[in-house]
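Trainee: entry-v6.cif is reproduced below (mmCIF, C-alpha atoms).
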data_entry
loop_
_atom_site.label_atom_id
_atom_site.label_comp_id
_atom_site.auth_asym_id
_atom_site.auth_seq_id
_atom_site.Cartn_x
_atom_site.Cartn_y
_atom_site.Cartn_z
CA MET A 1 15.43 7.15 12.95
CA ALA A 2 13.00 4.27 12.77
CA THR A 3 12.84 2.10 9.69
CA HIS A 4 9.39 2.30 8.16
CA LEU A 5 8.42 -1.04 6.67
CA PRO A 6 6.05 -0.89 3.71
CA SER A 7 2.58 -2.20 4.34
CA PRO A 8 1.38 -4.65 1.73
CA PRO A 9 -1.21 -3.04 -0.55
CA SER A 10 -4.76 -4.32 -0.52
CA LEU A 11 -5.29 -6.71 -3.42
CA ASN A 12 -9.03 -7.23 -2.93
CA GLY A 13 -10.01 -5.08 -5.92
CA PRO A 14 -7.60 -6.63 -8.47
CA LYS A 15 -8.25 -10.11 -7.07
CA ARG A 16 -12.00 -9.72 -7.42
CA LEU A 17 -11.61 -8.62 -11.05
CA ALA A 18 -9.27 -11.54 -11.78
CA TYR A 19 -11.68 -14.00 -10.16
CA LEU A 20 -14.60 -12.54 -12.12
CA GLY A 21 -12.68 -13.15 -15.34
CA ALA A 22 -11.74 -16.68 -14.29
CA ALA A 23 -15.32 -17.52 -13.25
CA THR A 24 -16.67 -16.20 -16.57
CA CYS A 25 -14.13 -18.28 -18.53
CA LEU A 26 -14.94 -21.35 -16.45
CA LEU A 27 -18.66 -20.94 -17.08
CA LEU A 28 -18.21 -20.48 -20.84
CA LEU A 29 -15.76 -23.38 -21.07
CA CYS A 30 -18.01 -25.80 -19.21
CA LEU A 31 -21.10 -24.80 -21.17
CA THR A 32 -19.17 -25.28 -24.43
CA ARG A 33 -17.83 -28.69 -23.39
CA ALA A 34 -21.26 -29.80 -22.14
CA TRP A 35 -22.83 -28.74 -25.44
CA THR A 36 -20.11 -30.53 -27.43
CA ALA A 37 -20.53 -33.68 -25.32
CA TRP A 38 -24.30 -33.55 -25.84
CA ILE A 39 -23.88 -33.37 -29.62
CA THR A 40 -21.07 -35.94 -30.01
CA LEU A 41 -21.67 -38.29 -27.08
CA PRO A 42 -25.30 -37.86 -25.91
CA HIS A 43 -25.15 -40.99 -23.75
CA ASP A 44 -21.97 -39.99 -21.90
CA LEU A 45 -23.74 -39.02 -18.66
CA LEU A 46 -20.50 -38.75 -16.65
CA ARG A 47 -19.02 -36.13 -18.97
CA LEU A 48 -22.30 -34.25 -19.22
CA GLY A 49 -22.76 -34.33 -15.44
CA LEU A 50 -19.24 -33.12 -14.64
CA ASN A 51 -19.31 -30.24 -17.10
CA GLY A 52 -22.81 -29.32 -15.97
CA ALA A 53 -21.69 -29.32 -12.33
CA LEU A 54 -18.67 -27.16 -13.18
CA ALA A 55 -20.92 -24.76 -15.08
CA VAL A 56 -23.13 -24.43 -11.98
CA VAL A 57 -20.03 -23.77 -9.85
CA GLY A 58 -18.86 -21.13 -12.34
CA LEU A 59 -22.28 -19.46 -12.30
CA TRP A 60 -22.36 -19.48 -8.48
CA LEU A 61 -18.85 -17.99 -8.32
CA LEU A 62 -19.80 -15.29 -10.80
CA ARG A 63 -22.93 -14.34 -8.87
CA THR A 64 -21.14 -14.40 -5.48
CA LEU A 65 -18.30 -12.21 -6.75
CA LEU A 66 -20.72 -9.69 -8.27
CA VAL A 67 -22.89 -9.51 -5.14
CA GLY A 68 -19.91 -9.57 -2.74
CA SER A 69 -21.85 -11.58 -0.15
CA VAL A 70 -18.91 -13.84 0.77
CA PRO A 71 -15.42 -12.63 1.84
CA LEU A 72 -12.76 -13.33 -0.78
CA GLU A 73 -10.68 -15.45 1.64
CA THR A 74 -13.66 -17.72 2.34
CA LEU A 75 -14.45 -17.94 -1.37
CA GLU A 76 -10.85 -18.90 -2.15
CA ARG A 77 -10.82 -21.74 0.37
CA LEU A 78 -14.24 -23.05 -0.76
CA THR A 79 -13.27 -22.98 -4.42
CA LEU A 80 -10.02 -24.83 -3.76
CA ARG A 81 -11.81 -27.51 -1.75
CA LEU A 82 -14.30 -27.98 -4.61
CA SER A 83 -11.70 -27.88 -7.39
CA ILE A 84 -9.51 -30.77 -6.24
CA PRO A 85 -12.24 -33.46 -6.10
CA VAL A 86 -13.77 -32.18 -9.35
CA TYR A 87 -10.41 -32.39 -11.10
CA LEU A 88 -9.87 -35.90 -9.73
CA ALA A 89 -13.31 -36.80 -11.10
CA LEU A 90 -12.25 -35.45 -14.51
CA ASN A 91 -9.22 -37.75 -14.35
CA VAL A 92 -11.51 -40.69 -13.54
CA GLN A 93 -13.62 -39.74 -16.57
CA THR A 94 -10.51 -39.72 -18.76
CA PHE A 95 -9.49 -43.11 -17.36
CA VAL A 96 -12.93 -44.66 -17.93
CA HIS A 97 -13.37 -43.30 -21.47
CA ALA A 98 -9.79 -43.95 -22.59
CA PRO A 99 -10.75 -46.69 -25.10
CA GLN A 100 -13.36 -44.47 -26.78
CA SER A 101 -11.67 -41.08 -26.97
CA PHE A 102 -8.48 -39.12 -26.32
CA ASP A 103 -8.63 -35.44 -25.34
CA ASN A 104 -6.14 -33.42 -27.39
CA SER A 105 -7.48 -29.99 -26.41
CA GLY A 106 -4.96 -29.26 -23.63
CA VAL A 107 -7.71 -27.97 -21.34
CA ASN A 108 -6.81 -30.48 -18.62
CA GLU A 109 -3.24 -29.19 -18.46
CA VAL A 110 -4.45 -25.59 -18.15
CA VAL A 111 -6.73 -26.60 -15.28
CA LEU A 112 -3.83 -28.55 -13.76
CA VAL A 113 -1.56 -25.48 -13.72
CA ALA A 114 -4.35 -23.25 -12.39
CA LEU A 115 -5.04 -25.72 -9.61
CA GLY A 116 -1.34 -25.84 -8.69
CA ALA A 117 -1.20 -22.04 -8.55
CA ALA A 118 -4.27 -21.98 -6.28
CA CYS A 119 -2.69 -24.54 -3.94
CA TYR A 120 0.45 -22.42 -3.54
CA LEU A 121 -1.56 -19.23 -3.09
CA PHE A 122 -3.95 -20.50 -0.43
CA LEU A 123 -2.10 -23.32 1.37
CA PRO A 124 1.15 -23.53 3.33
CA PRO A 125 4.03 -24.56 1.01
CA ALA A 126 4.38 -28.08 2.49
CA HIS A 127 0.64 -28.81 2.10
CA ALA A 128 0.62 -27.29 -1.39
CA LEU A 129 3.51 -29.53 -2.45
CA ARG A 130 1.70 -32.67 -1.27
CA TRP A 131 -1.58 -31.73 -2.98
CA THR A 132 0.03 -30.70 -6.25
CA ALA A 133 2.17 -33.85 -6.35
CA ALA A 134 -0.93 -36.03 -5.78
CA VAL A 135 -2.98 -34.21 -8.41
CA PHE A 136 -0.14 -34.29 -10.93
CA ALA A 137 0.34 -38.03 -10.34
CA GLY A 138 -3.39 -38.60 -10.95
CA HIS A 139 -3.19 -36.55 -14.12
CA LEU A 140 -0.22 -38.53 -15.47
CA ILE A 141 -1.79 -41.91 -14.69
CA SER A 142 -5.14 -41.14 -16.33
CA HIS A 143 -3.84 -39.31 -19.40
CA TRP A 144 -1.01 -41.69 -20.19
CA TRP A 145 -3.45 -44.56 -19.75
CA ALA A 146 -5.69 -42.90 -22.30
CA LEU A 147 -2.70 -42.27 -24.55
CA GLY A 148 -1.93 -46.01 -24.49
CA HIS A 149 -5.25 -46.67 -26.25
CA HIS A 150 -4.61 -44.01 -28.92
CA LEU A 151 -0.85 -44.16 -29.29
CA THR A 152 0.38 -42.26 -32.31
CA ARG A 153 3.50 -40.21 -32.81
CA THR A 154 1.45 -37.01 -32.87
CA ASN A 155 -0.50 -37.84 -29.70
CA LEU A 156 2.69 -38.87 -27.92
CA SER A 157 4.58 -35.68 -28.77
CA LEU A 158 1.59 -33.47 -27.90
CA GLN A 159 0.99 -35.14 -24.53
CA LEU A 160 4.69 -35.09 -23.65
CA ALA A 161 4.97 -31.39 -24.56
CA ARG A 162 1.86 -30.47 -22.57
CA ASP A 163 2.94 -32.39 -19.47
CA LEU A 164 6.47 -30.97 -19.55
CA THR A 165 5.05 -27.46 -19.97
CA ALA A 166 2.69 -27.99 -17.03
CA LEU A 167 5.60 -29.31 -14.94
CA VAL A 168 7.80 -26.29 -15.74
CA ALA A 169 4.90 -23.95 -14.93
CA TRP A 170 4.40 -25.70 -11.59
CA LEU A 171 8.10 -25.49 -10.74
CA LEU A 172 8.03 -21.75 -11.46
CA ILE A 173 4.92 -21.36 -9.32
CA MET A 174 6.60 -23.28 -6.50
CA LEU A 175 9.69 -21.08 -6.77
CA LEU A 176 7.62 -17.89 -6.66
CA ALA A 177 5.61 -19.19 -3.70
CA THR A 178 8.82 -20.05 -1.83
CA HIS A 179 10.20 -16.56 -2.42
CA ARG A 180 6.87 -15.04 -1.38
CA THR A 181 6.93 -17.01 1.88
CA ALA A 182 10.57 -16.10 2.54
CA TRP A 183 9.81 -12.41 1.92
CA ALA A 184 6.83 -12.51 4.29
CA GLU A 185 8.93 -14.19 7.00
CA ALA A 186 11.74 -11.67 6.55
CA ARG A 187 9.26 -8.81 6.78
CA GLU A 188 7.75 -10.20 9.99
CA SER A 189 11.24 -10.67 11.43
CA ALA A 190 12.15 -7.08 10.55
CA ARG A 191 8.93 -5.82 12.15
CA ALA A 192 9.64 -7.81 15.32
CA MET A 193 13.18 -6.42 15.48
CA ARG A 194 11.88 -2.90 14.97
CA ASP A 195 9.33 -3.36 17.75
CA MET A 196 12.03 -4.73 20.08
CA ALA A 197 14.25 -1.74 19.31
CA HIS A 198 11.47 0.74 20.13
CA THR A 199 9.67 -0.97 23.00
CA ASP A 200 10.66 -1.23 26.66
CA ASP A 201 10.78 -4.89 27.72
CA LEU A 202 9.61 -4.38 31.30
CA THR A 203 6.59 -2.16 30.73
CA GLY A 204 5.74 -2.67 27.06
CA LEU A 205 5.79 1.12 26.61
CA PRO A 206 7.60 2.92 23.79
CA ASN A 207 11.17 3.67 24.78
CA ARG A 208 13.17 6.89 24.40
CA ARG A 209 14.16 6.09 20.81
CA ALA A 210 10.52 5.69 19.83
CA ALA A 211 9.63 8.86 21.72
CA TYR A 212 11.92 11.00 19.57
CA ARG A 213 10.08 9.82 16.46
CA ARG A 214 6.76 10.78 18.07
CA PHE A 215 8.26 14.16 19.03
CA GLU A 216 9.37 14.83 15.47
CA GLU A 217 5.89 14.07 14.17
CA ALA A 218 4.26 16.27 16.85
CA MET A 219 6.60 19.23 16.26
CA GLN A 220 6.00 19.37 12.49
CA GLY A 221 2.90 21.54 12.85
CA PRO A 222 4.28 24.96 13.97
CA GLN A 223 0.98 26.05 15.52
CA THR A 224 0.15 22.75 17.24
CA PRO A 225 0.25 22.93 21.06
CA VAL A 226 2.60 20.30 22.48
CA SER A 227 3.06 19.62 26.19
CA VAL A 228 5.44 17.32 28.02
CA LEU A 229 5.11 15.70 31.43
CA LEU A 230 8.30 14.26 32.91
CA ILE A 231 7.39 11.85 35.71
CA ASP A 232 9.75 10.31 38.25
CA ILE A 233 8.98 7.76 40.98
CA ASP A 234 9.91 9.23 44.36
CA ASN A 235 12.49 7.45 46.53
CA PHE A 236 12.80 4.60 44.07
CA LYS A 237 16.40 3.83 45.01
CA ARG A 238 15.21 3.11 48.54
CA VAL A 239 12.72 0.54 47.18
CA ASN A 240 15.49 -1.26 45.27
CA ASP A 241 17.93 -1.14 48.19
CA THR A 242 15.35 -2.34 50.73
CA HIS A 243 13.29 -4.86 48.81
CA GLY A 244 15.48 -5.77 45.82
CA HIS A 245 15.33 -5.13 42.08
CA GLU A 246 12.52 -7.62 41.48
CA THR A 247 10.24 -5.60 43.75
CA GLY A 248 11.48 -2.45 42.04
CA ASP A 249 10.39 -3.89 38.69
CA GLN A 250 6.97 -4.70 40.13
CA VAL A 251 6.62 -1.11 41.36
CA ILE A 252 7.53 0.23 37.90
CA GLN A 253 4.92 -2.04 36.31
CA ALA A 254 2.25 -0.96 38.83
CA VAL A 255 3.03 2.72 38.23
CA THR A 256 2.92 2.12 34.46
CA ALA A 257 -0.55 0.60 34.75
CA ALA A 258 -1.79 3.49 36.89
CA LEU A 259 -0.40 6.13 34.53
CA GLN A 260 -1.74 4.41 31.42
CA GLY A 261 -5.14 3.89 33.00
CA GLU A 262 -5.43 7.58 33.86
CA LEU A 263 -3.88 8.97 30.66
CA GLY A 264 -5.86 6.75 28.28
CA HIS A 265 -5.81 8.14 24.74
CA ALA A 266 -5.07 11.69 25.87
CA GLY A 267 -1.34 11.29 25.21
CA VAL A 268 1.57 8.94 24.61
CA LEU A 269 3.29 7.45 27.65
CA VAL A 270 6.99 6.56 27.28
CA ARG A 271 9.50 4.77 29.51
CA TRP A 272 12.10 7.53 29.53
CA GLY A 273 14.67 5.55 31.49
CA GLY A 274 15.05 3.90 34.91
CA GLU A 275 12.18 5.11 37.08
CA GLU A 276 11.34 8.04 34.76
CA PHE A 277 8.38 8.28 32.41
CA LEU A 278 7.47 10.90 29.84
CA ALA A 279 3.96 11.75 28.66
CA LEU A 280 3.68 13.54 25.33
CA LEU A 281 0.42 15.46 24.89
CA VAL A 282 -0.23 16.78 21.37
CA GLY A 283 -2.84 19.49 20.87
CA VAL A 284 -2.96 20.11 24.63
CA THR A 285 -2.26 23.54 26.16
CA LEU A 286 -0.02 24.04 29.16
CA GLY A 287 -2.91 24.64 31.56
CA HIS A 288 -4.69 21.45 30.55
CA ALA A 289 -1.39 19.54 30.71
CA ALA A 290 -0.91 20.71 34.32
CA ARG A 291 -4.35 19.37 35.25
CA GLN A 292 -3.56 16.09 33.49
CA ALA A 293 -0.29 15.86 35.41
CA GLU A 294 -2.10 16.32 38.71
CA ALA A 295 -4.55 13.54 37.77
CA LEU A 296 -1.62 11.22 37.00
CA ARG A 297 0.09 12.07 40.28
CA ALA A 298 -3.12 11.34 42.22
CA ALA A 299 -3.65 8.04 40.36
CA VAL A 300 -0.21 6.80 41.46
CA GLU A 301 -0.76 8.01 45.01
CA ARG A 302 -3.92 5.88 45.20
CA LEU A 303 -1.97 2.72 44.36
CA GLY A 304 -2.13 0.09 47.07
CA ILE A 305 1.28 -1.60 47.06
CA ARG A 306 2.16 -3.93 49.93
CA HIS A 307 5.71 -2.59 50.19
CA GLY A 308 4.50 0.88 51.11
CA PRO A 309 3.06 4.03 49.47
CA VAL A 310 4.37 5.07 46.07
CA THR A 311 4.32 8.64 44.78
CA VAL A 312 5.64 10.51 41.77
CA SER A 313 6.88 14.00 41.06
CA VAL A 314 6.00 15.65 37.74
CA GLY A 315 7.58 18.44 35.73
CA VAL A 316 5.41 20.08 33.05
CA SER A 317 6.39 22.21 30.07
CA GLY A 318 4.53 23.53 27.04
CA ARG A 319 5.76 24.40 23.58
CA VAL A 320 6.75 27.98 22.88
CA ALA A 321 8.07 29.69 19.75
CA ARG A 322 11.33 28.29 18.36
CA ASP A 323 11.18 25.31 20.73
CA THR A 324 13.06 22.16 19.90
CA VAL A 325 12.50 18.70 21.34
CA GLU A 326 15.55 19.17 23.56
CA SER A 327 14.47 22.55 24.92
CA LEU A 328 10.92 21.34 25.58
CA VAL A 329 12.13 18.29 27.52
CA HIS A 330 14.79 20.36 29.29
CA ARG A 331 12.15 22.70 30.75
CA ALA A 332 10.06 19.73 31.91
CA ASP A 333 13.21 18.34 33.53
CA GLN A 334 13.76 21.64 35.34
CA GLY A 335 10.19 21.48 36.64
CA LEU A 336 10.78 17.91 37.81
CA TYR A 337 13.99 18.98 39.57
CA ARG A 338 12.10 21.72 41.42
CA ALA A 339 9.35 19.25 42.40
CA LYS A 340 11.93 16.83 43.78
CA ASN A 341 13.67 19.55 45.78
CA THR A 342 10.53 21.09 47.27
CA GLY A 343 8.95 18.06 48.91
CA LYS A 344 8.26 15.54 46.12
CA ASN A 345 4.82 14.07 45.28
CA LYS A 346 3.85 17.26 43.47
CA VAL A 347 3.47 18.85 40.05
CA VAL A 348 5.60 21.84 38.98
CA VAL A 349 4.94 23.76 35.76
CA GLN A 350 8.08 25.22 34.17
CA GLU A 351 7.07 28.06 31.89
CA ASP A 352 10.49 29.44 30.91
#
Show the structure stored in the file as structure tokens.

Mentor:
Amino acid sequence: MATHLPSPPSLNGPKRLAYLGAATCLLLLCLTRAWTAWITLPHDLLRLGLNGALAVVGLWLLRTLLVGSVPLETLERLTLRLSIPVYLALNVQTFVHAPQSFDNSGVNEVVLVALGAACYLFLPPAHALRWTAAVFAGHLISHWWALGHHLTRTNLSLQLARDLTALVAWLLIMLLATHRTAWAEARESARAMRDMAHTDDLTGLPNRRAAYRRFEEAMQGPQTPVSVLLIDIDNFKRVNDTHGHETGDQVIQAVTAALQGELGHAGVLVRWGGEEFLALLVGVTLGHAARQAEALRAAVERLGIRHGPVTVSVGVSGRVARDTVESLVHRADQGLYRAKNTGKNKVVVQED
């Protein structure tokens, strides 16, 4: 039995709601800080300008999320690219205004942690580590410079506690991001191994193991017509003995292309083993399956291969009451045996 790997759920709905909340909080925060700066420091144009710019960004994010005019992935990358220079500008503001004021609100540390989380969500781990380290270094330089102008025991303990808390939060975010990356890599590796276990290397078709899973799915509906075509390349051993196995592989690949091109989406083509193929037709009656088999035989016969003409023989069977996968394939194999023993390059329908 195949191992079914869980598909990751879509997070677009929850993410959009979370981003709407974050954009609303950003807008309210920036408007509040801009209003406070206007009242307390009306001539501080840098602080007013930065908070005003952030308020505009928050308003734009809110509108874009509500309208849904920009894909979330694009919005995430744009926001991250805007956030880093804006945060660096806030650090410059703190550095410049250190002699006049010291920010004890803790808002900068909250923004710092949020920015670190965004880096690990939207960037590869190595890039995220470099960006977060640079931003954290800028934060420490500016805020401890400001602290030096307003050094008290209370300010020192508060700043130290906030920075250590931000650092612990970042380390936890980094740990979660590392585990998330490792899980994604393990999942991709498991999917690749599953595909290798159920895919034929030479033709890229599903192999016999994969075919049994398809059979089980097809046979679940008791009233669903199911037909099987068992296809074998005629005189294939002669091709291998005369021209070598490399030419034999090329013939198999050419026959695969011809069969797939003719079958299209009408059924599932499987490399059954060696020079044998199996076509599983679900919802197709025996009469229609026989006509499909003849079309496949003719498609191979039309192949122009420089080592000589190539033909196939086909056995056809259709599902009857109390059929199992084994009995259905067995009847198709009987039809193929009759086709091989009565001249080859023909289709034989095995009804019982």

Trainee: For this structure, which residues satisfy the selection - the PyMOL selection byres ((chain A and resi 282) around 12) - when it is evaluated on the file as given? I want them as an NGL selection string.

Mentor: :A and (214-229 or 265-269 or 279-281 or 283-286 or 288-289 or 318-319)

Trainee: One decimal, Å: what's the distance from atom CA of Asp232 of chain A over to atom CA of Gln253 of chain A, could you say?

Mentor: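 Separation of atom CA of Asp232 of chain A and atom CA of Gln253 of chain A: 13.4 Å.
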
Trainee: Find, counting all atoms listed in the file, the residue in A:Asp241, A:Asp234, A:Asp352, A:Glu276 that gets nearest to Pro309 of chain A.

Mentor: A:Asp234

Trainee: Of the candidates A:Ala211, A:Val56, A:Leu31, A:Leu121, which shows the shortest atom-to-atom distance to Lys15 of chain A, using only C-alpha atoms?

Mentor: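 Checking each candidate against Lys15 of chain A, we get A:Leu121 as the closest.
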
Trainee: So how far away is atom CA of Ser317 of chain A from atom CA of Ala298 of chain A, in Å?

Mentor: 18.9 Å

Trainee: Which one is closest to Trp60 of chain A: A:Leu75, A:Leu45, A:Leu156, A:Ala18? Count only C-alpha atoms.

Mentor: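 Going through A:Leu75, A:Leu45, A:Leu156, A:Ala18 one by one, the smallest distance to Trp60 of chain A is for A:Leu75.
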
Trainee: So that I can check the surroundings of Met174 of chain A, please list as a list in words every protein, DNA and RNA residue that reaches within 9 Å of it, counting all atoms listed in the file and ignoring chain neighbours fewer than 5 positions away.

Mentor: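 Result of the neighbour search: Gly116, Ala117, Tyr120, Pro125, Ala128, Leu129, Ala169 and His179 of chain A.
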
Trainee: Ranking A:Ser327, A:Ser83, A:Gln334, A:Gln292 by minimum distance to Val111 of chain A and counting all atoms listed in the file, which one comes first?

Mentor: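 With all atoms listed in the file as the atom set, the closest residue is A:Ser83.
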
Trainee: Which residues are near segment 162-168 of chain A? Cut-off 12 Å, all atoms listed in the file, ignore same chain within fewer than 3 positions. Put them as a VMD selection string.

Mentor: chain A and resid 103 to 117 132 to 133 135 to 137 139 to 141 143 to 144 155 to 159 171 to 175

Trainee: For the structure shown, which residues end up in the PyMOL selection byres ((chain A and resi 208) around 8)? Put them as a ChimeraX atom specification, please?

Mentor: /A:198,206-207,209-212,270-273

Trainee: Find the residues near segment 300-304 of chain A: any atom within 10 Å, counting all atoms listed in the file, skip ones fewer than 4 places away on the same chain, and give them as a list in words.

Mentor: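 After dropping sequence-adjacent residues, the list is Ile233, Val251, Ala254, Val255, Thr256, Ala257, Ala258, Leu259, Glu262, Ala295, Leu296, Gly308, Pro309, Val310, Thr311, Val312 and Asn345 of chain A.
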
Trainee: What gap, in Å, lies between atom CA of Leu230 of chain A and atom CA of Arg306 of chain A?

Mentor: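 Computing it gives 25.7 Å between the two atoms.
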
Trainee: In terms of the shortest atom-to-atom distance over all atoms listed in the file, which of A:Leu54, A:Ala118, A:Arg331, A:Gln250 is closest to Cys25 of chain A?

Mentor: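 Counting all atoms listed in the file, the residue closest to Cys25 of chain A is A:Leu54.
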
Trainee: Every residue with an atom at most 12 Å from (13.3, 19.1, 44.3) (file coordinates; only C-alpha atoms) is what I'm after, so could you write them as a VMD selection string?

Mentor: chain A and resid 232 234 to 235 312 to 315 333 to 348

Trainee: Give, as JSON, the centre coordinates and the x, y and z edge lengths in Å to one decimal for an axis-aligned box around all listed atoms of segment 296-301 of chain A, padded by 5 Å on each side.

Mentor:
{"center_x": -1.8, "center_y": 9.4, "center_z": 41.0, "size_x": 13.7, "size_y": 15.3, "size_z": 18.0}

Trainee: Which residues are near Ala55 of chain A? Cut-off 8 Å, all atoms listed in the file, ignore same chain within fewer than 2 positions. Put them as a ChimeraX atom specification.

Mentor: /A:26-28,30-31,51-53,57-59
